[in-house]
Amino acid sequence: MAKKEAFIGSIDQGTTSTRFIIYDQNAQSIGSHQVEFTQFCPQAGWVEHDPMEILESVRMCISKAIDKATADGYNVDSGLKAIGITNQRETTVVWSKSTGAALYNAIVWMDIRTSSICRRLEKELSGGRTHFTESCGLPISTYFSALKLLWLLENVDAVKEAVKKGDALFGTIDSWLIWNLTGGVDNGLHVTDVSNASRTMLMNLKKLDWDESTLETLKISKNLLPKIVSNAEVIGDIAKGWLIPGVPISGCLGDQHAAMLGQSCRKGEAKSTYGTGAFILLNTGEEVIKSTHGLLTTLAFKLGKDAPTNYALEGSIAIAGAAVQWLRDSLGIISSANEIEALAAQVDSSGGVYFVPAFNGLFAPWWRDDARGVLIGITRFTNKSHIARAVLESMCFQVKDVLDSMHKDAGEKGETKNAKGQFLLRVDGGATVNNTLMQIQADLLGNPVVRPADIETTALGAAYAAGLAVGVWTEEEIFSNGERMKKDTTFNPVWDDDLRKKKVASWCKAVERTFDLADLSL
């Protein structure tokens, strides 16, 4: 006898891997598969992906996950109601609409090759680095898609030729996937959602459409750009040639927005996702709050064509879990990522060692692309356990920097607190399985950190959006998280205020040492 029908599939396309997860109507995973793909670094600071490899990883994950669920007795073929998509944001692809071929590798969000374009625009434009913040909420930075698109338009002949012929399409990874999933060269749909569009620097945050003035200033043709849709609506059906033809794609969010929905973050609530980088978002409701403390004003989610738009303050950290990968792959201090917790636990402090992982500069709240990584405070006493602990602490210090800025921007009224007057930070992402990391985070914040039973909330958020659009779930069900929170793990702070202040002061000294190091000679 077949078990309970599966309802929603979720494509979770991240910076280093792709997953497909199938959820039942109770939002429980019944089958999943994950595939890692190649990250190319052709020059220092350049990071690329092969769009075709990403597409193939999606195809493989869908097939394997369905096989697993079917083997366990779930009738996926008849029960799959919709697909949601969540993706690494800002990563930029330009492809040919006549051949379907990518015209260059995808330029990844952390890539900094556009530094010179940023400096040029800052000098040319009257508003300098903040010239576009009034419309899009974002500063001029290597982080955002518009600058990556400009680089492609200026430096890649195949892109230039395709634009001249009217054959070029631009998109973030969601657009690339949707276009291919819905037919590709055979009338594939060229769309993006409001959350991904909000990260391009080209969308007007209030109008939720491409900003004509920005396009004119940057000389970007609107013909290149996808149509913008909400996060929860039927976009189109999956085409023949895929394993699940006819299934609607009805949810799409950038990964951090999906995690926010997966964590059921209402107005005044914040989440931090610890992955390759770390990303902290505070839901500000229908109010657009302009940051004066180095944060990004962005969109949280819009759950339907006619639904209200929720906005957010965001702090983005370029290097979090990637620093653990660096310890493993570049230094050989650990042989697998999960070894870092045991190694760091061999000491009760970092022994005065501070590590700032400014490998490609610093994002929020510093915004210094001239910063480079430093490891300071080293003595003969220092061993690899101190360094491992300093790497974990670096993630937590960066999150604290962002949350301190959020507190200043949002104010007391902008944050929801519990009965004890504490601001709870919801956490998710692969690194949160590390209990030492989570305890350090709580100690540095002086507030509780809450880890859900299912830490992979990004895929869940995309599933929620898709299920909402086709009537599998209601908003009330998605945001009624009382029962789920009973299964959560809470880490409470144990450090006293004096120790916390001393540690933070030392961290700030270390951060200052990273500035103006980009031009060091080899």
# chains A, B, ... in the order shown; residues from 1 in each chain; ligands from 1
call {"tool": "residues_around", "arguments": {"residues": "Asn196 (chain A)", "least_positions_apart": "4", "cutoff": "10 Å", "atoms": "only C-alpha atoms", "output": "count of residues only"}}
result
24
call {"tool": "residues_around", "arguments": {"residues": "Lys207 (chain A)", "least_positions_apart": "5", "cutoff": "12 Å", "atoms": "only C-alpha atoms", "output": "MDAnalysis selection string"}}
result
chainID A and resid 135:136 194 197:198 202 212 228 299 309
call {"tool": "write_last_selection", "arguments": {"atoms": "N, CA and C atoms", "output": "PDB file, in the first residue's frame"}}
result
ATOM      1  N   SER A 135      16.376  54.083  -4.906  1.00  0.00           N
ATOM      2  CA  SER A 135      15.465  53.233  -5.680  1.00  0.00           C
ATOM      3  C   SER A 135      15.566  51.756  -5.289  1.00  0.00           C
ATOM      4  N   CYS A 136      16.799  51.260  -5.097  1.00  0.00           N
ATOM      5  CA  CYS A 136      16.953  49.813  -4.916  1.00  0.00           C
ATOM      6  C   CYS A 136      17.400  49.396  -3.519  1.00  0.00           C
ATOM      7  N   VAL A 194      10.529  38.713  -7.172  1.00  0.00           N
ATOM      8  CA  VAL A 194      10.842  40.012  -6.576  1.00  0.00           C
ATOM      9  C   VAL A 194      12.063  39.968  -5.655  1.00  0.00           C
ATOM     10  N   ALA A 197      15.153  39.725  -7.944  1.00  0.00           N
ATOM     11  CA  ALA A 197      15.263  40.992  -8.670  1.00  0.00           C
ATOM     12  C   ALA A 197      15.773  42.109  -7.755  1.00  0.00           C
ATOM     13  N   SER A 198      15.403  42.028  -6.477  1.00  0.00           N
ATOM     14  CA  SER A 198      15.814  43.077  -5.535  1.00  0.00           C
ATOM     15  C   SER A 198      17.313  43.063  -5.292  1.00  0.00           C
ATOM     16  N   LEU A 202      18.823  46.732  -9.886  1.00  0.00           N
ATOM     17  CA  LEU A 202      18.081  47.304 -11.008  1.00  0.00           C
ATOM     18  C   LEU A 202      16.587  47.451 -10.723  1.00  0.00           C
ATOM     19  N   GLU A 212      13.574  52.461 -14.498  1.00  0.00           N
ATOM     20  CA  GLU A 212      13.944  53.028 -15.804  1.00  0.00           C
ATOM     21  C   GLU A 212      15.160  53.949 -15.705  1.00  0.00           C
ATOM     22  N   ILE A 228       9.269  40.250 -13.791  1.00  0.00           N
ATOM     23  CA  ILE A 228       9.302  40.078 -12.343  1.00  0.00           C
ATOM     24  C   ILE A 228       7.946  39.578 -11.847  1.00  0.00           C
ATOM     25  N   LEU A 299      14.040  43.341   0.060  1.00  0.00           N
ATOM     26  CA  LEU A 299      12.707  42.771   0.133  1.00  0.00           C
ATOM     27  C   LEU A 299      12.769  41.456   0.897  1.00  0.00           C
ATOM     28  N   THR A 309       3.693  43.387   0.441  1.00  0.00           N
ATOM     29  CA  THR A 309       5.137  43.166   0.339  1.00  0.00           C
ATOM     30  C   THR A 309       5.769  43.352   1.703  1.00  0.00           C
TER      31      THR A 309
END
call {"tool": "atom_distance", "arguments": {"atom1": "CA of Ile249 (chain A)", "atom2": "CA of Leu468 (chain A)"}}
result
11.8 Å
call {"tool": "select_by_dssp", "arguments": {"residues": "region 132-369 of chain A", "states": "strand (DSSP E or B)", "output": "ChimeraX atom specification"}}
result
/A:168-172,191-193,203-204,209-210,227-229,232-237,240,242,248-254,270-274,278-285,296-302,309-317,354-356,359,361-362,368
call {"tool": "select_by_dssp", "arguments": {"residues": "region 181-391 of chain A", "states": "alpha helix (DSSP H)", "output": "ChimeraX atom specification"}}
result
/A:181,194-197,212-218,255-262,321-326,339-344,384-391
call {"tool": "closest_atom_pairs", "arguments": {"of": "region 308-383 of chain A", "to": "region 404-407 of chain A", "cutoff": "12 Å", "atoms": "only C-alpha atoms", "output": "JSON lines"}}
result
{"residue": "A:Ala312", "atom": "CA", "partner": "A:Met406", "partner_atom": "CA", "distance": 10.1}
{"residue": "A:Leu313", "atom": "CA", "partner": "A:Met406", "partner_atom": "CA", "distance": 7.1}
{"residue": "A:Glu314", "atom": "CA", "partner": "A:Met406", "partner_atom": "CA", "distance": 8.1}
{"residue": "A:Gly315", "atom": "CA", "partner": "A:Met406", "partner_atom": "CA", "distance": 8.2}
{"residue": "A:Ser316", "atom": "CA", "partner": "A:Ser405", "partner_atom": "CA", "distance": 12.0}
{"residue": "A:Ala364", "atom": "CA", "partner": "A:Ser405", "partner_atom": "CA", "distance": 9.2}
{"residue": "A:Pro365", "atom": "CA", "partner": "A:Ser405", "partner_atom": "CA", "distance": 7.3}
{"residue": "A:Trp366", "atom": "CA", "partner": "A:Ser405", "partner_atom": "CA", "distance": 10.6}
call {"tool": "write_last_selection", "arguments": {"atoms": "N, CA and C atoms", "output": "CSV table (one decimal), in the first residue's frame"}}
result
chain,number,residue,atom,x,y,z
A,312,ALA,N,12.9,44.0,4.4
A,312,ALA,CA,13.8,43.5,5.4
A,312,ALA,C,15.1,44.4,5.4
A,313,LEU,N,15.7,44.4,6.6
A,313,LEU,CA,17.1,44.9,6.7
A,313,LEU,C,18.0,43.6,6.6
A,314,GLU,N,19.1,43.7,5.8
A,314,GLU,CA,20.0,42.6,5.7
A,314,GLU,C,21.4,43.0,5.9
A,315,GLY,N,22.1,42.1,6.5
A,315,GLY,CA,23.6,42.1,6.6
A,315,GLY,C,24.1,40.9,6.0
A,316,SER,N,25.0,41.1,5.0
A,316,SER,CA,25.6,39.9,4.3
A,316,SER,C,27.0,39.8,4.6
A,364,ALA,N,28.8,43.7,4.8
A,364,ALA,CA,28.2,44.5,5.9
A,364,ALA,C,28.8,44.2,7.2
A,365,PRO,N,28.9,45.2,8.1
A,365,PRO,CA,28.5,46.6,7.8
A,365,PRO,C,29.7,47.5,7.4
A,366,TRP,N,30.8,46.8,7.0
A,366,TRP,CA,32.0,47.6,6.7
A,366,TRP,C,32.1,48.0,5.3
